[in-house]
Amino acid sequence: MANRLAGKIALISGGASGLGAAQATLYAREGARVFIGDLQEELGAQTVAAIRGEGGQAQFVRLDVTDTASWQAAVARVVSDFGGLTTLVNNAGIFHPGGIEAETEQGWSQMIAVNQTGVFLGMKTAVPELLKSGNAAIVNISSLFGLIGSPDAISYHASKAAVRVMSKGAALEFAKRGIRVNTIFPGQIRTPILADITPEQDAAIKAGIPMGDVGDPMDIAHGSLYLASDEAKYVSGAELWIDGGWYAAC
Ligand SMILES: NC(=O)c1ccc[n+]([C@@H]2O[C@H](COP(=O)([O-])OP(=O)(O)OC[C@H]3O[C@@H](n4cnc5c(N)ncnc54)[C@H](O)[C@@H]3O)[C@@H](O)[C@H]2O)c1
């Protein structure tokens, strides 16, 4: 165990799986007490058990990021179990392909509800507790698809681009009040979210990655760890691309 997050209390949405589980695992290894908030209770319990198996401190709370009451209950649970909240990671997200012709209004609304409104509700609900800590951090997970276009993911692009600028607004809103807000833009990373991606999309994405391959969840977790730690005490409103050089080629 190292201690780069000693004293931190983190709530990580979507922490049961993929990038969220990697961040929860690394945060706990670095001394944070971690709450995983997710819809997937069984997987969340498994992730918590794995973290505890390494000697880390973790708990699970059922969280639907689209629902204010669910956020309020999750934040209340973190505060009641761990005594406060210093760190919020808005990581939960969904993806489905579809350009303007293929996407439905229902698909659009679902994507915006989880990926965009979920981030707004997370920040809004957590801020009162984060302000109390006096030295807090929010890490929002956007996507390279929040920065660049593709022909087949209209709702995802919209939702992730919104996260980019919401984060900057929040960074300015809280700049003098002890909450730093930063955004990570993953490229393509091996996680279950890509299960529905078409082989054509997969091949096209890999062909555009200068390093020639997709990334691992821990690649994202290490960037998140930095932004959540006091090493980043002068960093707010920043954009961290973790993408195998992809954005440099755009
Ligand atoms: N994997 C990639 O290549 C990639 C690239 C760019 C951005 N991202 C972003 O990273 C984040 C994590 O994705 P991942 O790749 O780990 O996917 P994942 O599917 O493995 O994990 C996403 C998690 O979010 C949870 N979730 C979904 N809807 C939820 C809701 N309403 N309330 C609470 N939890 C909910 C899921 O249950 C799941 O555990 C997402 O925001 C995603 O858009 C991923």
# chains A, B, ... in the order shown; residues from 1 in each chain; ligands from 1
$ closest_atom_pairs --of "chain A" --to "ligand 1" --cutoff "8 Å" --atoms "only C-alpha atoms and all ligand atoms" --output "Markdown table"
| residue | atom | partner | partner_atom_place_in_ligand_line | distance |
| --- | --- | --- | --- | --- |
| A:Ser13 | CA | ligand 1 | 34 (N) | 5.8 |
| A:Gly14 | CA | ligand 1 | 24 (O) | 3.5 |
| A:Gly15 | CA | ligand 1 | 39 (O) | 5.8 |
| A:Ala16 | CA | ligand 1 | 39 (O) | 4.6 |
| A:Ser17 | CA | ligand 1 | 39 (O) | 4.1 |
| A:Gly18 | CA | ligand 1 | 16 (O) | 3.4 |
| A:Leu19 | CA | ligand 1 | 16 (O) | 3.7 |
| A:Gly20 | CA | ligand 1 | 16 (O) | 5.5 |
| A:Ala21 | CA | ligand 1 | 16 (O) | 7.4 |
| A:Gly37 | CA | ligand 1 | 33 (C) | 6.4 |
| A:Asp38 | CA | ligand 1 | 34 (N) | 4.0 |
| A:Leu39 | CA | ligand 1 | 33 (C) | 4.8 |
| A:Gln40 | CA | ligand 1 | 37 (O) | 5.0 |
| A:Leu43 | CA | ligand 1 | 39 (O) | 7.8 |
| A:Gly44 | CA | ligand 1 | 39 (O) | 7.7 |
| A:Arg62 | CA | ligand 1 | 33 (C) | 7.7 |
| A:Leu63 | CA | ligand 1 | 33 (C) | 5.1 |
| A:Asp64 | CA | ligand 1 | 32 (N) | 3.5 |
| A:Val65 | CA | ligand 1 | 32 (N) | 4.0 |
| A:Thr66 | CA | ligand 1 | 31 (N) | 5.4 |
| A:Asp67 | CA | ligand 1 | 31 (N) | 8.0 |
| A:Asn90 | CA | ligand 1 | 41 (O) | 7.5 |
| A:Asn91 | CA | ligand 1 | 41 (O) | 4.7 |
| A:Ala92 | CA | ligand 1 | 24 (O) | 3.7 |
| A:Gly93 | CA | ligand 1 | 41 (O) | 3.4 |
| A:Ile94 | CA | ligand 1 | 27 (C) | 5.5 |
| A:Phe95 | CA | ligand 1 | 43 (O) | 6.3 |
| A:Ala113 | CA | ligand 1 | 31 (N) | 7.8 |
| A:Val114 | CA | ligand 1 | 31 (N) | 5.2 |
| A:Asn115 | CA | ligand 1 | 41 (O) | 6.4 |
| A:Gly118 | CA | ligand 1 | 31 (N) | 7.3 |
| A:Ile141 | CA | ligand 1 | 41 (O) | 5.5 |
| A:Ser142 | CA | ligand 1 | 7 (C) | 5.6 |
| A:Ser143 | CA | ligand 1 | 6 (C) | 3.9 |
| A:Leu144 | CA | ligand 1 | 6 (C) | 6.1 |
| A:Phe145 | CA | ligand 1 | 6 (C) | 7.0 |
| A:Tyr156 | CA | ligand 1 | 43 (O) | 7.9 |
| A:Lys160 | CA | ligand 1 | 43 (O) | 7.5 |
| A:Phe185 | CA | ligand 1 | 6 (C) | 6.3 |
| A:Pro186 | CA | ligand 1 | 6 (C) | 4.3 |
| A:Gly187 | CA | ligand 1 | 5 (C) | 5.1 |
| A:Gln188 | CA | ligand 1 | 3 (O) | 3.5 |
| A:Ile189 | CA | ligand 1 | 3 (O) | 3.6 |
| A:Arg190 | CA | ligand 1 | 1 (N) | 5.6 |
| A:Thr191 | CA | ligand 1 | 15 (O) | 4.6 |
| A:Pro192 | CA | ligand 1 | 20 (O) | 4.4 |
| A:Ile193 | CA | ligand 1 | 19 (O) | 3.7 |
| A:Leu194 | CA | ligand 1 | 1 (N) | 6.2 |
| A:Val214 | CA | ligand 1 | 3 (O) | 7.7 |
| A:Gly215 | CA | ligand 1 | 3 (O) | 7.8 |
| A:Pro217 | CA | ligand 1 | 16 (O) | 7.4 |
$ select_by_dssp --residues "region 89-159 of chain A" --states "helix (DSSP H, G or I)" --output "CSV table (one decimal) with C-alpha atoms, in the first residue's frame"
chain,number,residue,atom,x,y,z
A,105,GLU,CA,-35.4,9.7,-29.5
A,106,GLN,CA,-35.6,7.2,-26.7
A,107,GLY,CA,-31.9,6.2,-27.3
A,108,TRP,CA,-30.9,9.8,-27.3
A,109,SER,CA,-32.8,10.5,-24.0
A,110,GLN,CA,-31.3,7.5,-22.3
A,111,MET,CA,-27.7,8.5,-23.3
A,112,ILE,CA,-28.2,12.1,-22.2
A,113,ALA,CA,-29.8,11.0,-18.9
A,114,VAL,CA,-26.9,8.7,-17.9
A,115,ASN,CA,-23.8,10.4,-19.4
A,116,GLN,CA,-24.8,14.0,-19.1
A,117,THR,CA,-27.5,14.5,-16.6
A,118,GLY,CA,-25.9,11.9,-14.4
A,119,VAL,CA,-22.7,14.0,-14.2
A,120,PHE,CA,-24.7,17.2,-13.4
A,121,LEU,CA,-26.7,15.4,-10.6
A,122,GLY,CA,-23.6,13.9,-9.2
A,123,MET,CA,-21.8,17.2,-8.9
A,124,LYS,CA,-24.9,19.0,-7.6
A,125,THR,CA,-25.6,16.4,-4.9
A,126,ALA,CA,-22.0,16.0,-3.8
A,127,VAL,CA,-20.9,19.6,-3.8
A,128,PRO,CA,-22.3,20.5,-0.3
A,129,GLU,CA,-20.3,17.7,1.3
A,130,LEU,CA,-17.2,18.4,-0.9
A,131,LEU,CA,-17.3,22.0,0.2
A,132,LYS,CA,-17.2,21.0,3.8
A,133,SER,CA,-14.0,19.1,3.2
A,144,LEU,CA,-12.3,11.2,-26.9
A,145,PHE,CA,-15.7,11.1,-28.5
A,146,GLY,CA,-16.5,14.3,-26.5
A,154,ILE,CA,-24.5,11.0,-32.3
A,155,SER,CA,-26.0,10.8,-28.7
A,156,TYR,CA,-22.7,9.7,-27.2
A,157,HIS,CA,-20.8,12.6,-28.8
A,158,ALA,CA,-23.4,15.0,-27.5
A,159,SER,CA,-23.4,13.6,-24.0
$ select_by_dssp --residues "region 2-208 of chain A" --states "strand (DSSP E or B)" --output "PyMOL selection string"
chain A and resi 9-13+33-38+57-62+87-90+98+136-141+153+179-186+189
$ closest_residue --among "A:Gln23, A:Ala248, A:Ala170, A:Ala153" --to "Glu103 (chain A)" --atoms "only C-alpha atoms"
A:Ala153
